[in-house]
>>> print(open('protein33.txt').read())   # compact mmCIF, C-alpha atoms
# COMPACT_ATOMS: atom_id res chain seq x y z
CA MET X 519 7.67 9.79 143.02
CA SER X 520 5.88 7.07 144.97
CA ILE X 521 7.23 3.56 145.45
CA ARG X 522 4.90 1.23 143.57
CA VAL X 523 4.18 -1.97 145.53
CA LEU X 524 2.35 -5.19 144.72
CA VAL X 525 1.17 -7.34 147.65
CA ALA X 526 0.98 -11.12 147.08
CA ASP X 527 -0.53 -13.32 149.79
CA ASP X 528 -3.23 -15.98 149.67
CA HIS X 529 -4.90 -14.72 152.86
CA ALA X 530 -7.18 -11.77 152.18
CA ALA X 531 -6.98 -10.51 155.77
CA VAL X 532 -3.17 -10.45 155.64
CA ARG X 533 -3.20 -8.59 152.33
CA ALA X 534 -5.67 -6.07 153.73
CA GLY X 535 -3.47 -5.49 156.78
CA ILE X 536 -0.34 -4.94 154.69
CA VAL X 537 -2.17 -2.60 152.33
CA LEU X 538 -3.50 -0.64 155.32
CA ILE X 539 0.03 -0.26 156.73
CA LEU X 540 1.58 0.79 153.43
CA GLY X 541 -1.34 3.04 152.49
CA GLY X 542 -0.62 5.31 155.44
CA HIS X 543 2.56 6.59 153.82
CA ASP X 544 2.58 9.22 151.08
CA ASP X 545 5.69 7.82 149.39
CA ILE X 546 4.20 4.34 148.86
CA GLU X 547 1.44 3.35 146.44
CA VAL X 548 -0.09 -0.15 146.41
CA VAL X 549 -0.76 -0.88 142.74
CA GLY X 550 -2.25 -4.34 143.13
CA GLU X 551 -3.04 -7.40 145.23
CA ALA X 552 -2.52 -11.03 144.23
CA ALA X 553 -3.90 -14.16 145.91
CA ASP X 554 -1.46 -16.65 144.37
CA GLY X 555 1.92 -16.83 142.65
CA GLU X 556 0.58 -17.00 139.11
CA GLU X 557 -1.54 -13.91 139.65
CA ALA X 558 1.44 -12.13 141.23
CA VAL X 559 3.67 -12.81 138.21
CA ALA X 560 0.97 -11.75 135.73
CA MET X 561 0.10 -8.60 137.65
CA ALA X 562 3.74 -7.61 138.23
CA THR X 563 4.51 -8.13 134.55
CA ARG X 564 1.62 -5.85 133.67
CA GLU X 565 1.94 -3.19 136.39
CA ARG X 566 5.76 -3.15 136.72
CA PRO X 567 5.87 -2.32 140.45
CA ASP X 568 9.11 -1.31 142.14
CA VAL X 569 8.67 -3.89 144.91
CA VAL X 570 6.63 -7.08 145.28
CA LEU X 571 5.83 -8.15 148.84
CA MET X 572 5.67 -11.93 148.39
CA ASP X 573 4.39 -14.70 150.64
CA ILE X 574 6.05 -18.11 150.14
CA ARG X 575 3.29 -20.66 150.63
CA MET X 576 0.63 -19.83 148.05
CA PRO X 577 -1.53 -21.92 145.68
CA LYS X 578 -0.87 -22.48 141.95
CA LEU X 579 2.67 -21.10 142.11
CA ASP X 580 4.66 -20.73 145.32
CA GLY X 581 6.42 -17.51 146.23
CA ILE X 582 9.91 -18.82 145.54
CA SER X 583 9.03 -19.91 142.00
CA ALA X 584 7.20 -16.62 141.43
CA THR X 585 10.26 -14.71 142.65
CA ARG X 586 12.43 -16.55 140.13
CA GLU X 587 10.05 -15.61 137.31
CA LEU X 588 10.09 -11.95 138.36
CA SER X 589 13.86 -11.59 137.99
CA GLY X 590 14.47 -8.38 136.06
CA ILE X 591 10.84 -7.29 136.39
CA ALA X 592 10.60 -6.21 140.04
CA ASP X 593 12.51 -6.48 143.30
CA VAL X 594 10.94 -9.06 145.60
CA LEU X 595 10.73 -8.76 149.37
CA ILE X 596 9.69 -12.07 150.91
CA LEU X 597 7.29 -11.72 153.83
CA THR X 598 6.39 -15.02 155.46
CA THR X 599 5.38 -16.70 158.70
CA PHE X 600 7.96 -19.44 158.30
CA ASP X 601 11.54 -18.90 159.48
CA ILE X 602 12.78 -22.13 157.91
CA ASP X 603 16.23 -22.45 156.35
CA GLU X 604 14.82 -24.13 153.25
CA TYR X 605 12.56 -21.16 152.60
CA VAL X 606 15.18 -18.52 153.38
CA PHE X 607 17.81 -20.16 151.15
CA GLY X 608 15.32 -20.87 148.39
CA ALA X 609 14.07 -17.30 148.34
CA LEU X 610 17.56 -15.80 148.21
CA ARG X 611 18.71 -18.23 145.53
CA ALA X 612 15.65 -17.26 143.50
CA GLY X 613 16.80 -13.63 143.62
CA ALA X 614 14.78 -12.12 146.46
CA ALA X 615 16.09 -8.76 147.64
CA GLY X 616 15.20 -9.53 151.25
CA PHE X 617 13.41 -11.79 153.68
CA LEU X 618 11.16 -10.68 156.54
CA LEU X 619 8.84 -12.46 158.94
CA LYS X 620 5.20 -11.44 159.22
CA ASN X 621 5.67 -10.58 162.89
CA THR X 622 7.86 -7.67 161.78
CA ASP X 623 6.40 -4.43 163.13
CA ALA X 624 4.74 -1.94 160.80
CA ASP X 625 7.54 0.63 160.82
CA ALA X 626 10.18 -2.02 160.02
CA LEU X 627 8.05 -3.30 157.14
CA VAL X 628 7.71 0.17 155.64
CA ASP X 629 11.44 0.79 156.06
CA ALA X 630 12.20 -2.55 154.36
CA VAL X 631 10.08 -1.58 151.35
CA ARG X 632 11.99 1.69 151.07
CA VAL X 633 15.35 -0.07 151.38
CA VAL X 634 14.54 -2.56 148.63
CA ALA X 635 13.10 0.19 146.40
CA ARG X 636 16.43 2.04 146.67
CA GLY X 637 18.16 -1.01 145.28
CA ASP X 638 19.65 -2.05 148.63
CA GLY X 639 19.38 -5.54 150.11
CA LEU X 640 18.39 -6.57 153.62
CA ILE X 641 21.35 -8.83 154.36
CA ALA X 642 23.72 -7.11 156.79
CA PRO X 643 27.31 -8.06 157.74
CA SER X 644 25.79 -10.05 160.60
CA VAL X 645 24.53 -12.67 158.14
CA THR X 646 24.95 -16.05 159.79
CA ARG X 647 27.68 -18.48 158.87
CA ARG X 648 25.07 -21.17 158.15
CA LEU X 649 23.54 -18.92 155.49
CA ILE X 650 26.92 -18.29 153.87
CA SER X 651 27.77 -21.99 154.03
CA ALA X 652 24.46 -23.06 152.55
CA PHE X 653 24.79 -20.48 149.80
CA GLY X 654 28.15 -21.87 148.78
CA SER X 655 26.47 -24.60 146.77
CA ALA X 656 24.67 -21.95 144.71
CA VAL X 657 27.87 -20.22 143.62
CA PRO X 658 29.11 -21.53 140.25
CA THR X 659 32.55 -23.18 140.26
CA SER X 660 33.66 -20.66 137.64
CA MET X 661 32.86 -17.75 139.97
CA PRO X 662 36.50 -16.91 140.92
CA ARG X 663 37.26 -16.44 137.22
CA GLN X 664 34.20 -14.23 136.84
CA VAL X 665 35.32 -12.14 139.82
CA GLU X 666 38.66 -11.64 138.09
CA ASN X 667 36.74 -10.04 135.21
CA LEU X 668 35.49 -7.25 137.48
CA THR X 669 37.16 -3.87 137.23
CA PRO X 670 39.07 -2.62 140.31
CA ARG X 671 36.19 -0.24 141.07
CA GLU X 672 33.60 -3.01 140.75
CA ARG X 673 35.63 -5.12 143.17
CA GLU X 674 35.62 -2.25 145.65
CA VAL X 675 31.86 -1.94 145.29
CA LEU X 676 31.43 -5.71 145.77
CA GLU X 677 33.51 -5.57 148.95
CA CYS X 678 31.33 -2.72 150.25
CA ILE X 679 28.17 -4.71 149.45
CA GLY X 680 29.62 -7.59 151.47
CA ARG X 681 29.99 -5.24 154.42
CA GLY X 682 26.29 -4.42 154.19
CA LEU X 683 26.69 -0.84 152.95
CA SER X 684 23.82 0.83 151.08
CA ASN X 685 24.31 2.52 147.72
CA ALA X 686 24.43 5.90 149.44
CA GLU X 687 27.05 4.68 151.92
CA ILE X 688 29.15 3.13 149.14
CA ALA X 689 28.97 6.39 147.20
CA ARG X 690 30.29 8.31 150.21
CA GLU X 691 33.03 5.80 151.00
CA LEU X 692 34.29 5.57 147.41
CA ASP X 693 33.70 9.27 146.69
CA MET X 694 31.38 8.90 143.71
CA ALA X 695 27.79 9.72 142.80
CA GLU X 696 25.04 7.38 144.02
CA ALA X 697 23.86 6.95 140.41
CA THR X 698 27.37 5.76 139.50
CA THR X 699 27.26 3.30 142.40
CA LYS X 700 24.00 1.85 141.09
CA THR X 701 25.58 1.42 137.67
CA HIS X 702 28.55 -0.44 139.15
CA VAL X 703 26.22 -2.70 141.16
CA SER X 704 24.16 -3.52 138.07
CA ARG X 705 27.25 -4.28 136.00
CA LEU X 706 28.90 -6.51 138.59
CA LEU X 707 25.70 -8.49 139.12
CA ASN X 708 25.50 -9.03 135.37
CA LYS X 709 29.16 -10.09 135.12
CA LEU X 710 28.82 -12.49 138.04
CA GLY X 711 25.53 -13.94 136.83
CA LEU X 712 23.80 -13.12 140.12
CA ARG X 713 20.12 -12.32 140.53
CA SER X 714 20.28 -9.90 143.43
CA ARG X 715 22.37 -7.67 145.64
CA VAL X 716 21.81 -10.13 148.48
CA GLN X 717 23.55 -12.88 146.52
CA ALA X 718 26.42 -10.48 145.83
CA ALA X 719 26.72 -9.69 149.56
CA ILE X 720 26.96 -13.37 150.45
CA LEU X 721 29.49 -14.01 147.67
CA ALA X 722 31.60 -11.09 148.89
CA GLN X 723 31.62 -12.50 152.40
CA GLU X 724 32.56 -15.94 151.07
CA LEU X 725 35.47 -14.46 149.12
CA SER X 726 36.58 -12.48 152.17
CA ALA X 727 36.46 -15.59 154.35
CA GLY X 728 38.54 -17.48 151.81
CA THR X 729 41.37 -14.95 151.70
>>> encode(input="protein33.txt", output="structure tokens")
Amino acid sequence: MSIRVLVADDHAAVRAGIVLILGGHDDIEVVGEAADGEEAVAMATRERPDVVLMDIRMPKLDGISATRELSGIADVLILTTFDIDEYVFGALRAGAAGFLLKNTDADALVDAVRVVARGDGLIAPSVTRRLISAFGSAVPTSMPRQVENLTPREREVLECIGRGLSNAEIARELDMAEATTKTHVSRLLNKLGLRSRVQAAILAQELSAGT
């Protein structure tokens, strides 16, 4: 089954380039193109893609606001020219599954789409301390109590997410089926009130640093 992708960028030439890159792979299908955030939200709601490649600076509705509206509808991979903390933090707080710069090479872009489609995030254990620190303000004060509500297995999965492991790697480490891993990830995100796996990874690293 192909990975269904929606490309949202206000520059037609950029959209065309991304579509050309993705179109060269049999396991990826571009189901739509959007020129602004409002169009991206409407199209994603209608087409239900697996992944939305989202620019940040767009007219009508910016990419961060559009990402927030797409929570629960599609996984969003931010692709932007601007490596600015405000944008990175805003995108991740909004629930983006990953953040890439437009100078990323074609193979890395395709791989990122596949990673996000699998339900894995793009934040690795090497996430910078400034990102973790900045994210601290987004973690509710009641979070430690919510973490206590996790089952022992869910806590193990959360710790693995914090180490940057994929669902497949977690399944191997904890000796369970990958489908079971995905269920645990979904449940712990729901219990913790988090929008994405990336947020869970940062929270896990915060908790580890605090112990």
>>> closest_residue(input="protein33.txt", among="X:Leu707, X:Thr563, X:Ile679, X:Ala534", to="Glu691 (chain X)", atoms="all atoms listed in the file")
X:Ile679
>>> atom_distance(input="protein33.txt", atom1="CA of Leu571 (chain X)", atom2="CA of Val525 (chain X)")
4.9 Å
>>> closest_atom_pairs(input="protein33.txt", of="region 531-624 of chain X", to="region 630-636 of chain X", cutoff="7 Å", atoms="only C-alpha atoms", output="Markdown table")
| residue | atom | partner | partner_atom | distance |
| --- | --- | --- | --- | --- |
| X:Asp568 | CA | X:Ala635 | CA | 6.0 |
| X:Val569 | CA | X:Ala635 | CA | 6.2 |
| X:Asp593 | CA | X:Val634 | CA | 6.9 |
| X:Ala615 | CA | X:Val634 | CA | 6.5 |
>>> write_last_selection(input="protein33.txt", atoms="C-alpha atoms", output="CSV table (one decimal), keeping the file's coordinate frame")
chain,number,residue,atom,x,y,z
X,568,ASP,CA,9.1,-1.3,142.1
X,569,VAL,CA,8.7,-3.9,144.9
X,593,ASP,CA,12.5,-6.5,143.3
X,615,ALA,CA,16.1,-8.8,147.6
>>> residues_near_point(input="protein33.txt", point="(22.6, -2.4, 150.6)", cutoff="6 Å", atoms="all atoms listed in the file", output="PyMOL selection string")
chain X and resi 638-639+682-685
>>> residues_near_point(input="protein33.txt", point="(-0.4, -8.1, 149.1)", cutoff="8 Å", atoms="only C-alpha atoms", output="number ranges by chain")
X: 524-527, 532-534, 536-537, 550-553, 571-572
>>> closest_residue(input="protein33.txt", among="X:Gly637, X:Val665, X:Arg586, X:Ala609", to="Ala697 (chain X)", atoms="all atoms listed in the file")
X:Gly637
>>> atom_distance(input="protein33.txt", atom1="CA of Tyr605 (chain X)", atom2="CA of Ala592 (chain X)")
19.6 Å
>>> atom_distance(input="protein33.txt", atom1="CA of Met576 (chain X)", atom2="CA of Phe617 (chain X)")
16.1 Å
>>> residues_around(input="protein33.txt", residues="Leu692 (chain X)", least_positions_apart="2", cutoff="12 Å", atoms="all atoms listed in the file", output="PyMOL selection string")
chain X and resi 670-678+683+685-690+694-696+698-699+702
>>> closest_residue(input="protein33.txt", among="X:Ile582, X:Ala560, X:Ala718, X:Leu725", to="Thr598 (chain X)", atoms="all atoms listed in the file")
X:Ile582
>>> closest_residue(input="protein33.txt", among="X:Val559, X:Ile521, X:Arg564, X:Ala531", to="Asp544 (chain X)", atoms="only C-alpha atoms")
X:Ile521
>>> closest_residue(input="protein33.txt", among="X:Val703, X:Pro567, X:Thr585, X:Arg522", to="His543 (chain X)", atoms="all atoms listed in the file")
X:Arg522
>>> build_atoms(input="protein33.txt", residues="region 558-593 of chain X", atoms="N, CA and C atoms", output="JSON list (two decimals), in the frame of the given file")
[["chain", "number", "residue", "atom", "x", "y", "z"],
["X", 558, "ALA", "N", 0.40, -13.10, 140.89],
["X", 558, "ALA", "CA", 1.44, -12.13, 141.23],
["X", 558, "ALA", "C", 2.36, -11.88, 140.04],
["X", 559, "VAL", "N", 2.78, -12.95, 139.37],
["X", 559, "VAL", "CA", 3.67, -12.81, 138.21],
["X", 559, "VAL", "C", 2.97, -12.04, 137.09],
["X", 560, "ALA", "N", 1.71, -12.41, 136.80],
["X", 560, "ALA", "CA", 0.97, -11.75, 135.73],
["X", 560, "ALA", "C", 0.75, -10.27, 136.03],
["X", 561, "MET", "N", 0.38, -9.98, 137.28],
["X", 561, "MET", "CA", 0.10, -8.60, 137.65],
["X", 561, "MET", "C", 1.38, -7.76, 137.67],
["X", 562, "ALA", "N", 2.48, -8.34, 138.18],
["X", 562, "ALA", "CA", 3.74, -7.61, 138.23],
["X", 562, "ALA", "C", 4.27, -7.35, 136.82],
["X", 563, "THR", "N", 4.07, -8.31, 135.93],
["X", 563, "THR", "CA", 4.51, -8.13, 134.55],
["X", 563, "THR", "C", 3.73, -7.01, 133.88],
["X", 564, "ARG", "N", 2.47, -6.88, 134.25],
["X", 564, "ARG", "CA", 1.62, -5.85, 133.67],
["X", 564, "ARG", "C", 1.83, -4.48, 134.32],
["X", 565, "GLU", "N", 1.90, -4.46, 135.65],
["X", 565, "GLU", "CA", 1.94, -3.19, 136.39],
["X", 565, "GLU", "C", 3.36, -2.65, 136.61],
["X", 566, "ARG", "N", 4.36, -3.54, 136.51],
["X", 566, "ARG", "CA", 5.76, -3.15, 136.72],
["X", 566, "ARG", "C", 5.97, -2.38, 138.03],
["X", 567, "PRO", "N", 5.64, -3.00, 139.17],
["X", 567, "PRO", "CA", 5.87, -2.32, 140.45],
["X", 567, "PRO", "C", 7.36, -2.24, 140.76],
["X", 568, "ASP", "N", 7.72, -1.38, 141.69],
["X", 568, "ASP", "CA", 9.11, -1.31, 142.14],
["X", 568, "ASP", "C", 9.44, -2.48, 143.07],
["X", 569, "VAL", "N", 8.46, -2.83, 143.91],
["X", 569, "VAL", "CA", 8.67, -3.89, 144.91],
["X", 569, "VAL", "C", 7.45, -4.80, 144.95],
["X", 570, "VAL", "N", 7.71, -6.11, 145.05],
["X", 570, "VAL", "CA", 6.63, -7.08, 145.28],
["X", 570, "VAL", "C", 6.83, -7.67, 146.67],
["X", 571, "LEU", "N", 5.82, -7.50, 147.53],
["X", 571, "LEU", "CA", 5.83, -8.15, 148.84],
["X", 571, "LEU", "C", 5.23, -9.53, 148.63],
["X", 572, "MET", "N", 6.05, -10.59, 148.82],
["X", 572, "MET", "CA", 5.67, -11.93, 148.39],
["X", 572, "MET", "C", 5.63, -12.93, 149.55],
["X", 573, "ASP", "N", 4.49, -13.58, 149.70],
["X", 573, "ASP", "CA", 4.39, -14.70, 150.64],
["X", 573, "ASP", "C", 5.03, -15.92, 149.96],
["X", 574, "ILE", "N", 5.42, -16.93, 150.73],
["X", 574, "ILE", "CA", 6.05, -18.11, 150.14],
["X", 574, "ILE", "C", 5.03, -19.20, 149.84],
["X", 575, "ARG", "N", 4.23, -19.54, 150.82],
["X", 575, "ARG", "CA", 3.29, -20.66, 150.63],
["X", 575, "ARG", "C", 1.97, -20.14, 150.06],
["X", 576, "MET", "N", 1.85, -20.26, 148.74],
["X", 576, "MET", "CA", 0.63, -19.83, 148.05],
["X", 576, "MET", "C", 0.22, -20.89, 147.04],
["X", 577, "PRO", "N", -1.07, -20.93, 146.67],
["X", 577, "PRO", "CA", -1.53, -21.92, 145.68],
["X", 577, "PRO", "C", -1.08, -21.59, 144.27],
["X", 578, "LYS", "N", -1.18, -22.58, 143.39],
["X", 578, "LYS", "CA", -0.87, -22.48, 141.95],
["X", 578, "LYS", "C", 0.62, -22.34, 141.68],
["X", 579, "LEU", "N", 1.24, -21.31, 142.27],
["X", 579, "LEU", "CA", 2.67, -21.10, 142.11],
["X", 579, "LEU", "C", 3.19, -20.52, 143.42],
["X", 580, "ASP", "N", 4.17, -21.21, 144.03],
["X", 580, "ASP", "CA", 4.66, -20.73, 145.32],
["X", 580, "ASP", "C", 5.49, -19.45, 145.15],
["X", 581, "GLY", "N", 5.73, -18.79, 146.27],
["X", 581, "GLY", "CA", 6.42, -17.51, 146.23],
["X", 581, "GLY", "C", 7.85, -17.58, 145.72],
["X", 582, "ILE", "N", 8.53, -18.69, 146.00],
["X", 582, "ILE", "CA", 9.91, -18.82, 145.54],
["X", 582, "ILE", "C", 9.96, -18.94, 144.02],
["X", 583, "SER", "N", 9.09, -19.77, 143.45],
["X", 583, "SER", "CA", 9.03, -19.91, 142.00],
["X", 583, "SER", "C", 8.60, -18.60, 141.35],
["X", 584, "ALA", "N", 7.65, -17.91, 141.97],
["X", 584, "ALA", "CA", 7.20, -16.62, 141.43],
["X", 584, "ALA", "C", 8.34, -15.60, 141.47],
["X", 585, "THR", "N", 9.12, -15.62, 142.53],
["X", 585, "THR", "CA", 10.26, -14.71, 142.65],
["X", 585, "THR", "C", 11.25, -14.94, 141.51],
["X", 586, "ARG", "N", 11.50, -16.21, 141.22],
["X", 586, "ARG", "CA", 12.43, -16.55, 140.13],
["X", 586, "ARG", "C", 11.93, -16.01, 138.80],
["X", 587, "GLU", "N", 10.63, -16.09, 138.57],
["X", 587, "GLU", "CA", 10.05, -15.61, 137.31],
["X", 587, "GLU", "C", 10.06, -14.08, 137.21],
["X", 588, "LEU", "N", 10.13, -13.42, 138.36],
["X", 588, "LEU", "CA", 10.09, -11.95, 138.36],
["X", 588, "LEU", "C", 11.47, -11.31, 138.27],
["X", 589, "SER", "N", 12.50, -12.12, 138.11],
["X", 589, "SER", "CA", 13.86, -11.59, 137.99],
["X", 589, "SER", "C", 13.93, -10.61, 136.82],
["X", 590, "GLY", "N", 14.38, -9.39, 137.09],
["X", 590, "GLY", "CA", 14.47, -8.38, 136.06],
["X", 590, "GLY", "C", 13.20, -7.58, 135.86],
["X", 591, "ILE", "N", 12.12, -8.00, 136.52],
["X", 591, "ILE", "CA", 10.84, -7.29, 136.39],
["X", 591, "ILE", "C", 10.57, -6.41, 137.61],
["X", 592, "ALA", "N", 10.82, -6.96, 138.80],
["X", 592, "ALA", "CA", 10.60, -6.21, 140.04],
["X", 592, "ALA", "C", 11.47, -6.80, 141.14],
["X", 593, "ASP", "N", 11.79, -5.99, 142.13],
["X", 593, "ASP", "CA", 12.51, -6.48, 143.30],
["X", 593, "ASP", "C", 11.50, -7.14, 144.24]]
